[in-house]
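**Student:** The following block contains the structure, expressed as structure tokens.
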Amino acid sequence: MRYVALSVALFLMTTQACAPRPEQGSQAAGPAVATSAAVPSAPAVPVDWRRVTLYDLVIPVPPGWEKTLDTVGKSDRAESDPPQILSFEEKGGADPAAARALSVWIWAGWSVDDLVRRRFVEGNLSFISQATVSSAREVREVIGRASWSGPNGAGTYRARHLLIQVDATRVMDVIVVGPRVSGTESEPGVDMRHVQEIVAHNVQSLPGIACPRTRSTDASGVITSDERTGIIDSTHANATQVNDAFVMVRRGASVGQSVGVEFRQLGTSAPATSVAYTVTAEPRPTPAGLRATPWDGAAFKLGVKPIGFANSCWRLIVVGADTNLVVQIGP
């Protein structure tokens, strides 16, 4: 839970207008990017690590680590294409509060240069520095500062971002932070920086997969194209997650209401061209601590199993009307 809160806090900081002042002598667009002539080889993935496939990316993960968060980034402003936020955390230790963790943000429709310039240098995260990392692929390091407070005190820590152009249209941001030490500005330890570098330099994008799944959200963080029907959290699921469900919300829906839904395949990877059934709304109260929105009150669970064909893409039709929502089923 510690890192879940951190991911949300960091996203809020990167979406608020609190631009850092350029250092004296730098241009308005930010400080110059440091470069290095030598290009070292990527750090090897240890043999005991596993690889997980999420959002068409193959991500190396240390042994004993588990995914603890998988959600669309939310902020206090509408995002045309918010990041998908993943968190991985070390499990099984004697002290869960001291568990190592890292966060992975997947940004679609960005280049590394644009993301660094608009989100960090001209934006928001208490920016400290940026540098180009010597690598066979485009990697950028950004250092920022964040503050924390709690029952055990208060302090600041530094967040280290490694941003990688994983394919032509997506950037992955791998983030580690310093521990919470009261009264001290902490930095990520050497071991966590090493884990971060292995992940960043060895992530791979699956070839040949293109699905225009919907990512745009409204001010409430609901994924929607028409402001009438939306999906909570994510429009992506894996074929192995057959017991999972997309959570659909509709403005004005009530508990017990039944609607007809249809998934129409985009492409030819699945044997079915369409799948249709009826679903009934279940209670969905406003989450604790959040403001009520027009989406609250009821939700429809759309099971993954009927469309759980690997690498397939589906458009959602509700009561005969196209919602312009597209969901994707991964490997």
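Identifiers in this document derive from the order of the structure tokens: chains are assigned A, B, ..., residues are numbered from 1 separately in each chain, and ligands are numbered from 1 in order of occurrence.
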Set the distance at 12 Å and use only C-alpha atoms: which residues neighbour range 283-291 of chain A once local chain neighbours fewer than 5 positions away are removed? I'd like the list as JSON, numbers by chain.
**Tutor:** {"A": [76, 219, 220, 221, 232, 247, 248, 249, 250, 253, 254, 255, 256, 257, 296, 297, 298, 299, 300, 301]}
**Student:** Generate the output file for the selected residues, all heavy atoms, as a compact mmCIF listing (two decimals), in the first residue's frame.
**Tutor:**
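Written output follows (again-v7.txt):
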```
# COMPACT_ATOMS: atom_id res chain seq x y z
N ASP A 76 -6.33 15.55 -11.37
CA ASP A 76 -7.40 16.53 -11.19
C ASP A 76 -7.70 17.27 -12.48
O ASP A 76 -8.35 18.30 -12.49
CB ASP A 76 -7.03 17.52 -10.07
CG ASP A 76 -5.69 18.19 -10.32
OD1 ASP A 76 -5.05 17.86 -11.34
OD2 ASP A 76 -5.29 19.02 -9.48
N ALA A 219 -12.49 13.91 -16.47
CA ALA A 219 -11.92 14.50 -15.26
C ALA A 219 -12.03 13.58 -14.05
O ALA A 219 -11.29 13.74 -13.06
CB ALA A 219 -12.61 15.84 -14.96
N SER A 220 -12.94 12.60 -14.10
CA SER A 220 -13.11 11.65 -13.00
C SER A 220 -12.15 10.46 -13.11
O SER A 220 -12.12 9.62 -12.21
CB SER A 220 -14.55 11.13 -12.96
OG SER A 220 -15.47 12.18 -12.84
N GLY A 221 -11.40 10.39 -14.21
CA GLY A 221 -10.49 9.27 -14.40
C GLY A 221 -11.14 8.06 -15.04
O GLY A 221 -10.52 7.01 -15.14
N ILE A 232 -13.87 1.44 -15.98
CA ILE A 232 -13.06 1.79 -14.82
C ILE A 232 -11.69 1.11 -14.92
O ILE A 232 -11.59 -0.08 -15.22
CB ILE A 232 -13.75 1.36 -13.51
CG1 ILE A 232 -15.13 1.99 -13.39
CG2 ILE A 232 -12.90 1.72 -12.30
CD1 ILE A 232 -15.14 3.48 -13.28
N VAL A 247 -14.98 -3.38 -15.89
CA VAL A 247 -16.05 -2.75 -15.12
C VAL A 247 -16.60 -1.59 -15.92
O VAL A 247 -15.93 -0.56 -16.08
CB VAL A 247 -15.55 -2.29 -13.74
CG1 VAL A 247 -16.69 -1.63 -12.96
CG2 VAL A 247 -14.99 -3.47 -12.95
N MET A 248 -17.81 -1.75 -16.45
CA MET A 248 -18.45 -0.72 -17.26
C MET A 248 -19.39 0.11 -16.40
O MET A 248 -20.12 -0.42 -15.56
CB MET A 248 -19.23 -1.37 -18.40
CG MET A 248 -19.93 -0.37 -19.32
SD MET A 248 -20.91 -1.18 -20.62
CE MET A 248 -22.36 -1.71 -19.67
N VAL A 249 -19.37 1.43 -16.60
CA VAL A 249 -20.30 2.32 -15.92
C VAL A 249 -21.04 3.14 -16.97
O VAL A 249 -20.52 3.41 -18.05
CB VAL A 249 -19.56 3.26 -14.92
CG1 VAL A 249 -19.08 2.48 -13.72
CG2 VAL A 249 -18.39 3.98 -15.60
N ARG A 250 -22.28 3.51 -16.61
CA ARG A 250 -23.10 4.33 -17.51
C ARG A 250 -23.77 5.42 -16.69
O ARG A 250 -24.28 5.16 -15.58
CB ARG A 250 -24.17 3.49 -18.21
CG ARG A 250 -23.63 2.31 -18.98
CD ARG A 250 -24.70 1.73 -19.90
NE ARG A 250 -24.82 2.54 -21.12
CZ ARG A 250 -25.92 2.59 -21.84
NH1 ARG A 250 -27.02 1.96 -21.45
NH2 ARG A 250 -25.96 3.32 -22.95
N ALA A 253 -27.32 5.00 -14.77
CA ALA A 253 -27.65 3.59 -14.54
C ALA A 253 -28.07 3.37 -13.09
O ALA A 253 -27.66 4.10 -12.18
CB ALA A 253 -26.46 2.70 -14.88
N SER A 254 -28.89 2.35 -12.86
CA SER A 254 -29.35 2.02 -11.52
C SER A 254 -29.12 0.54 -11.24
O SER A 254 -29.07 -0.28 -12.16
CB SER A 254 -30.84 2.37 -11.37
OG SER A 254 -31.62 1.67 -12.33
N VAL A 255 -28.97 0.22 -9.97
CA VAL A 255 -28.75 -1.17 -9.57
C VAL A 255 -29.93 -2.03 -10.02
O VAL A 255 -31.10 -1.66 -9.85
CB VAL A 255 -28.57 -1.26 -8.05
CG1 VAL A 255 -28.45 -2.72 -7.60
CG2 VAL A 255 -27.33 -0.47 -7.62
N GLY A 256 -29.63 -3.17 -10.61
CA GLY A 256 -30.67 -4.07 -11.10
C GLY A 256 -31.04 -3.87 -12.54
O GLY A 256 -31.75 -4.72 -13.14
N GLN A 257 -30.59 -2.79 -13.15
CA GLN A 257 -30.89 -2.53 -14.56
C GLN A 257 -30.12 -3.52 -15.44
O GLN A 257 -28.96 -3.81 -15.21
CB GLN A 257 -30.49 -1.11 -14.92
CG GLN A 257 -30.71 -0.74 -16.38
CD GLN A 257 -30.22 0.66 -16.71
OE1 GLN A 257 -29.59 1.31 -15.89
NE2 GLN A 257 -30.50 1.12 -17.92
N ASP A 296 -21.02 7.15 -10.39
CA ASP A 296 -21.18 6.32 -9.20
C ASP A 296 -22.59 5.74 -9.09
O ASP A 296 -23.53 6.21 -9.74
CB ASP A 296 -20.87 7.14 -7.94
CG ASP A 296 -19.43 7.65 -7.91
OD1 ASP A 296 -18.60 7.05 -8.62
OD2 ASP A 296 -19.16 8.63 -7.20
N GLY A 297 -22.72 4.73 -8.24
CA GLY A 297 -24.03 4.16 -7.94
C GLY A 297 -24.20 2.75 -8.45
O GLY A 297 -24.69 1.87 -7.74
N ALA A 298 -23.85 2.50 -9.69
CA ALA A 298 -24.05 1.18 -10.28
C ALA A 298 -22.97 0.90 -11.32
O ALA A 298 -22.42 1.83 -11.92
CB ALA A 298 -25.43 1.07 -10.93
N ALA A 299 -22.66 -0.37 -11.50
CA ALA A 299 -21.65 -0.77 -12.49
C ALA A 299 -22.00 -2.14 -13.05
O ALA A 299 -22.68 -2.95 -12.40
CB ALA A 299 -20.26 -0.79 -11.86
N PHE A 300 -21.51 -2.40 -14.26
CA PHE A 300 -21.76 -3.66 -14.95
C PHE A 300 -20.41 -4.39 -15.13
O PHE A 300 -19.47 -3.81 -15.68
CB PHE A 300 -22.37 -3.42 -16.33
CG PHE A 300 -23.65 -2.62 -16.32
CD1 PHE A 300 -23.62 -1.23 -16.25
CD2 PHE A 300 -24.88 -3.26 -16.38
CE1 PHE A 300 -24.79 -0.49 -16.25
CE2 PHE A 300 -26.07 -2.52 -16.39
CZ PHE A 300 -26.02 -1.14 -16.32
N LYS A 301 -20.36 -5.63 -14.70
CA LYS A 301 -19.14 -6.41 -14.86
C LYS A 301 -19.21 -7.20 -16.17
O LYS A 301 -20.08 -8.06 -16.33
CB LYS A 301 -18.94 -7.34 -13.68
CG LYS A 301 -18.63 -6.61 -12.38
CD LYS A 301 -18.35 -7.58 -11.24
CE LYS A 301 -18.01 -6.84 -9.96
NZ LYS A 301 -17.76 -7.77 -8.83
```
**Student:** List the spatial neighbours of Ala270 in chain A as a short mmCIF file (atom, residue, chain, number, x, y, z; two decimals) with C-alpha atoms, in the first residue's frame - criterion: any atom at most 12 Å away, only C-alpha atoms, same-chain residues fewer than 4 positions off excluded.
**Tutor:**
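Listed below is the output, around-v7.cif:
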```
data_model
loop_
_atom_site.label_atom_id
_atom_site.label_comp_id
_atom_site.auth_asym_id
_atom_site.auth_seq_id
_atom_site.Cartn_x
_atom_site.Cartn_y
_atom_site.Cartn_z
CA ALA A 239 -6.17 -14.08 -22.09
CA PHE A 263 -18.28 -7.11 -28.45
CA ARG A 264 -17.42 -6.82 -32.17
CA GLN A 265 -13.97 -8.00 -33.11
CA LEU A 266 -11.52 -5.66 -34.81
CA SER A 274 -18.89 -10.89 -32.22
CA VAL A 275 -20.03 -11.93 -28.74
CA PRO A 306 -16.36 -14.80 -23.53
CA ILE A 307 -13.80 -12.74 -25.48
CA GLY A 308 -10.66 -14.19 -23.89
CA PHE A 309 -8.82 -14.91 -27.14
CA ALA A 310 -5.12 -14.01 -27.06
CA ASN A 311 -4.11 -10.85 -28.94
CA SER A 312 -7.66 -9.90 -29.89
CA CYS A 313 -9.30 -6.48 -30.09
CA TRP A 314 -12.99 -5.66 -29.53
CA GLN A 328 -7.80 -5.42 -25.89
CA ILE A 329 -7.03 -8.99 -24.82
CA GLY A 330 -3.31 -9.64 -24.57
#
```
**Student:** Determine, counting only C-alpha atoms, which protein, DNA and RNA residues have an atom within 8 Å of an atom of Asp70 in chain A; residues of the same chain fewer than 2 positions away are not included. Present the result as a list in words.
**Tutor:**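 What passes the distance filter is Lys67, Thr68, Val72, Gln84, Ile85, Leu86, Ser87 and Asp233 of chain A.
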**Student:** Please, which residues of range 246-322 of chain A, numbered as in this document, come out strand (DSSP E or B) from DSSP, as an mmCIF file with C-alpha atoms, in the first residue's frame?
**Tutor:**
```cif
data_model
loop_
_atom_site.group_PDB
_atom_site.id
_atom_site.type_symbol
_atom_site.label_atom_id
_atom_site.label_comp_id
_atom_site.auth_asym_id
_atom_site.auth_seq_id
_atom_site.Cartn_x
_atom_site.Cartn_y
_atom_site.Cartn_z
ATOM 1 C CA PHE A 246 -14.016 -5.057 -17.350
ATOM 2 C CA VAL A 247 -16.050 -2.754 -15.115
ATOM 3 C CA MET A 248 -18.448 -0.722 -17.262
ATOM 4 C CA VAL A 249 -20.296 2.325 -15.915
ATOM 5 C CA ARG A 250 -23.102 4.329 -17.512
ATOM 6 C CA SER A 258 -30.141 -4.974 -17.388
ATOM 7 C CA VAL A 259 -28.594 -3.992 -20.722
ATOM 8 C CA GLY A 260 -27.531 -5.862 -23.826
ATOM 9 C CA VAL A 261 -23.830 -5.679 -24.668
ATOM 10 C CA GLU A 262 -22.005 -6.825 -27.764
ATOM 11 C CA PHE A 263 -18.283 -7.106 -28.455
ATOM 12 C CA ARG A 264 -17.419 -6.817 -32.165
ATOM 13 C CA GLN A 265 -13.965 -8.005 -33.111
ATOM 14 C CA SER A 274 -18.889 -10.894 -32.221
ATOM 15 C CA VAL A 275 -20.029 -11.934 -28.744
ATOM 16 C CA ALA A 276 -23.292 -10.686 -27.223
ATOM 17 C CA TYR A 277 -25.058 -11.177 -23.895
ATOM 18 C CA THR A 278 -27.092 -9.369 -21.237
ATOM 19 C CA VAL A 279 -25.567 -8.000 -18.035
ATOM 20 C CA THR A 280 -27.156 -6.604 -14.858
ATOM 21 C CA GLU A 282 -24.461 -4.168 -9.398
ATOM 22 C CA PRO A 283 -23.954 -1.587 -6.627
ATOM 23 C CA ARG A 284 -20.900 0.666 -6.991
ATOM 24 C CA GLY A 297 -24.026 4.155 -7.944
ATOM 25 C CA ALA A 298 -24.047 1.176 -10.284
ATOM 26 C CA ALA A 299 -21.647 -0.770 -12.486
ATOM 27 C CA PHE A 300 -21.755 -3.663 -14.953
ATOM 28 C CA LYS A 301 -19.139 -6.410 -14.865
ATOM 29 C CA LEU A 302 -18.242 -7.550 -18.382
ATOM 30 C CA GLY A 303 -16.480 -10.887 -18.062
ATOM 31 C CA SER A 312 -7.655 -9.897 -29.894
ATOM 32 C CA CYS A 313 -9.297 -6.476 -30.094
ATOM 33 C CA TRP A 314 -12.992 -5.655 -29.528
ATOM 34 C CA ARG A 315 -15.339 -2.680 -29.915
ATOM 35 C CA LEU A 316 -18.051 -2.371 -27.255
ATOM 36 C CA ILE A 317 -21.680 -1.935 -28.332
ATOM 37 C CA VAL A 318 -24.318 -1.244 -25.629
ATOM 38 C CA ALA A 321 -25.241 1.818 -29.864
ATOM 39 C CA ASP A 322 -21.514 2.091 -30.504
#
```
**Student:** Nearest residue to Asn243 in chain A out of A:Val166, A:Val304, A:Ile198, A:Ala42, using only C-alpha atoms?
**Tutor:**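 Among the listed residues, the smallest separation from Asn243 in chain A belongs to A:Val304.
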**Student:** Looking at A:Pro212, A:Pro271, A:Gly144, A:Pro82, which one is nearest to Trp105 in chain A, with distances taken over only C-alpha atoms?
**Tutor:**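 Among A:Pro212, A:Pro271, A:Gly144, A:Pro82, it is A:Pro82 that comes nearest to Trp105 in chain A.
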**Student:** Using only C-alpha atoms, pick whichever of A:Gln241, A:Trp107, A:Val139, A:Val203 has the shortest atom-to-atom distance to Ile164 in chain A.
**Tutor:**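 Selected residue with least distance to Ile164 in chain A: A:Val139.
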**Student:** So which residues touch Glu197 in chain A within 8 Å, counting only C-alpha atoms, skipping near sequence neighbours fewer than 3 positions away, as a CSV table (one decimal) with C-alpha atoms, in the first residue's frame?
**Tutor:**
```
chain,number,residue,atom,x,y,z
A,43,PRO,CA,22.9,-5.2,-17.8
A,162,LEU,CA,14.5,6.1,-16.4
A,193,ARG,CA,19.1,1.5,-8.9
A,194,HIS,CA,20.5,-1.7,-10.2
A,200,ALA,CA,14.6,-0.5,-18.0
A,201,HIS,CA,17.3,-1.8,-20.3
```
**Student:** Need to verify the contact set: Val195 in chain A, 9 Å, only C-alpha atoms, exclusion of same-chain residues closer than 4 positions in sequence. Can you return it as a PyMOL selection string?
**Tutor:** chain A and resi 61-62+102+190-191+199-200
**Student:** For Leu57 in chain A, find every residue with an atom within 12 Å (counting only C-alpha atoms), except residues of its own chain fewer than 3 positions away, and show them as a VMD selection string.
**Tutor:** chain A and resid 51 to 54 60 86 104 to 106 165 to 167 170 to 172 199 to 200 202 to 209 238 330 to 331
**Student:** Deliver the residues from the most recent selection as a file, using N, CA, C and O atoms, as a CSV table (one decimal), in the first residue's frame.
**Tutor:**
```csv
chain,number,residue,atom,x,y,z
A,51,ARG,N,9.8,-13.2,-16.4
A,51,ARG,CA,9.4,-12.2,-17.3
A,51,ARG,C,7.8,-12.2,-17.4
A,51,ARG,O,7.3,-13.3,-17.5
A,52,VAL,N,7.2,-11.1,-17.2
A,52,VAL,CA,5.8,-11.0,-17.2
A,52,VAL,C,5.4,-10.1,-18.5
A,52,VAL,O,6.1,-9.2,-18.9
A,53,THR,N,4.3,-10.5,-19.1
A,53,THR,CA,3.8,-9.8,-20.3
A,53,THR,C,2.6,-9.0,-19.9
A,53,THR,O,1.6,-9.6,-19.5
A,54,LEU,N,2.7,-7.7,-20.1
A,54,LEU,CA,1.6,-6.8,-19.7
A,54,LEU,C,1.6,-5.7,-20.8
A,54,LEU,O,2.6,-5.1,-21.1
A,60,PRO,N,11.0,-7.8,-17.3
A,60,PRO,CA,11.7,-8.6,-16.3
A,60,PRO,C,11.4,-8.2,-14.9
A,60,PRO,O,11.4,-7.0,-14.6
A,86,LEU,N,1.8,0.6,-13.3
A,86,LEU,CA,2.0,-0.7,-12.7
A,86,LEU,C,3.0,-0.5,-11.5
A,86,LEU,O,3.9,0.3,-11.6
A,104,VAL,N,6.2,1.3,-12.8
A,104,VAL,CA,6.3,1.4,-14.2
A,104,VAL,C,5.1,2.1,-14.8
A,104,VAL,O,4.0,1.7,-14.6
A,105,TRP,N,5.4,3.2,-15.5
A,105,TRP,CA,4.3,4.0,-16.1
A,105,TRP,C,4.5,3.8,-17.7
A,105,TRP,O,5.6,4.1,-18.2
A,106,ILE,N,3.4,3.5,-18.3
A,106,ILE,CA,3.4,3.3,-19.8
A,106,ILE,C,2.7,4.4,-20.4
A,106,ILE,O,1.5,4.6,-20.2
A,165,GLN,N,12.2,4.6,-24.8
A,165,GLN,CA,11.3,4.5,-26.0
A,165,GLN,C,11.2,3.1,-26.3
A,165,GLN,O,12.0,2.5,-27.0
A,166,VAL,N,10.1,2.4,-25.8
A,166,VAL,CA,10.0,1.0,-26.0
A,166,VAL,C,9.5,0.6,-27.4
A,166,VAL,O,9.8,-0.5,-27.9
A,167,ASP,N,8.8,1.5,-28.1
A,167,ASP,CA,8.5,1.3,-29.5
A,167,ASP,C,8.2,2.6,-30.1
A,167,ASP,O,8.4,3.6,-29.5
A,170,ARG,N,5.3,4.5,-27.8
A,170,ARG,CA,5.2,4.4,-26.4
A,170,ARG,C,6.5,4.6,-25.6
A,170,ARG,O,7.6,4.2,-26.1
A,171,VAL,N,6.4,5.3,-24.5
A,171,VAL,CA,7.5,5.5,-23.6
A,171,VAL,C,7.2,4.8,-22.3
A,171,VAL,O,6.1,4.8,-21.8
A,172,MET,N,8.2,4.1,-21.7
A,172,MET,CA,8.0,3.4,-20.4
A,172,MET,C,8.9,4.2,-19.4
A,172,MET,O,10.1,4.4,-19.7
A,199,VAL,N,15.6,-3.7,-15.4
A,199,VAL,CA,14.2,-3.6,-15.9
A,199,VAL,C,14.2,-2.7,-17.1
A,199,VAL,O,13.7,-3.1,-18.2
A,200,ALA,N,14.7,-1.5,-17.0
A,200,ALA,CA,14.6,-0.5,-18.0
A,200,ALA,C,15.3,-0.9,-19.3
A,200,ALA,O,14.8,-0.7,-20.4
A,202,ASN,N,16.0,-3.9,-20.4
A,202,ASN,CA,15.7,-5.2,-20.9
A,202,ASN,C,14.2,-5.4,-21.3
A,202,ASN,O,13.9,-6.5,-21.7
A,203,VAL,N,13.4,-4.4,-21.0
A,203,VAL,CA,12.0,-4.5,-21.4
A,203,VAL,C,11.9,-4.7,-22.9
A,203,VAL,O,12.7,-4.0,-23.7
A,204,GLN,N,11.0,-5.5,-23.4
A,204,GLN,CA,10.8,-5.7,-24.8
A,204,GLN,C,9.4,-5.5,-25.2
A,204,GLN,O,8.4,-5.8,-24.5
A,205,SER,N,9.2,-4.9,-26.4
A,205,SER,CA,7.8,-4.7,-27.0
A,205,SER,C,7.5,-5.9,-27.9
A,205,SER,O,8.3,-6.3,-28.7
A,206,LEU,N,6.3,-6.5,-27.7
A,206,LEU,CA,5.9,-7.6,-28.6
A,206,LEU,C,5.7,-7.1,-30.0
A,206,LEU,O,5.1,-6.0,-30.2
A,207,PRO,N,6.2,-7.8,-31.0
A,207,PRO,CA,6.0,-7.3,-32.4
A,207,PRO,C,4.7,-7.6,-33.0
A,207,PRO,O,4.0,-8.6,-32.5
A,208,GLY,N,4.2,-6.8,-33.9
A,208,GLY,CA,3.1,-7.2,-34.7
A,208,GLY,C,1.7,-7.1,-34.0
A,208,GLY,O,0.7,-7.7,-34.5
A,209,ILE,N,1.6,-6.4,-32.9
A,209,ILE,CA,0.4,-6.3,-32.2
A,209,ILE,C,-0.1,-4.8,-32.2
A,209,ILE,O,0.6,-3.9,-31.8
A,238,ASN,N,-5.4,-9.8,-20.0
A,238,ASN,CA,-4.7,-10.9,-20.6
A,238,ASN,C,-5.6,-12.1,-20.8
A,238,ASN,O,-6.6,-12.3,-20.0
A,330,GLY,N,-4.7,-9.3,-24.3
A,330,GLY,CA,-3.3,-9.6,-24.6
A,330,GLY,C,-3.0,-11.1,-24.6
A,330,GLY,O,-4.0,-11.9,-24.7
A,331,PRO,N,-1.7,-11.5,-24.6
A,331,PRO,CA,-1.4,-12.9,-24.6
A,331,PRO,C,-1.9,-13.7,-23.5
A,331,PRO,O,-2.2,-13.2,-22.4
```
**Student:** Near Thr235 in chain A, counting only C-alpha atoms, which residues have an atom at most 9 Å away, once you skip same-chain residues fewer than 4 positions from it, shown as JSON, numbers by chain?
**Tutor:** {"A": [213, 214, 215, 223, 231, 246, 325, 326, 327, 328, 329]}
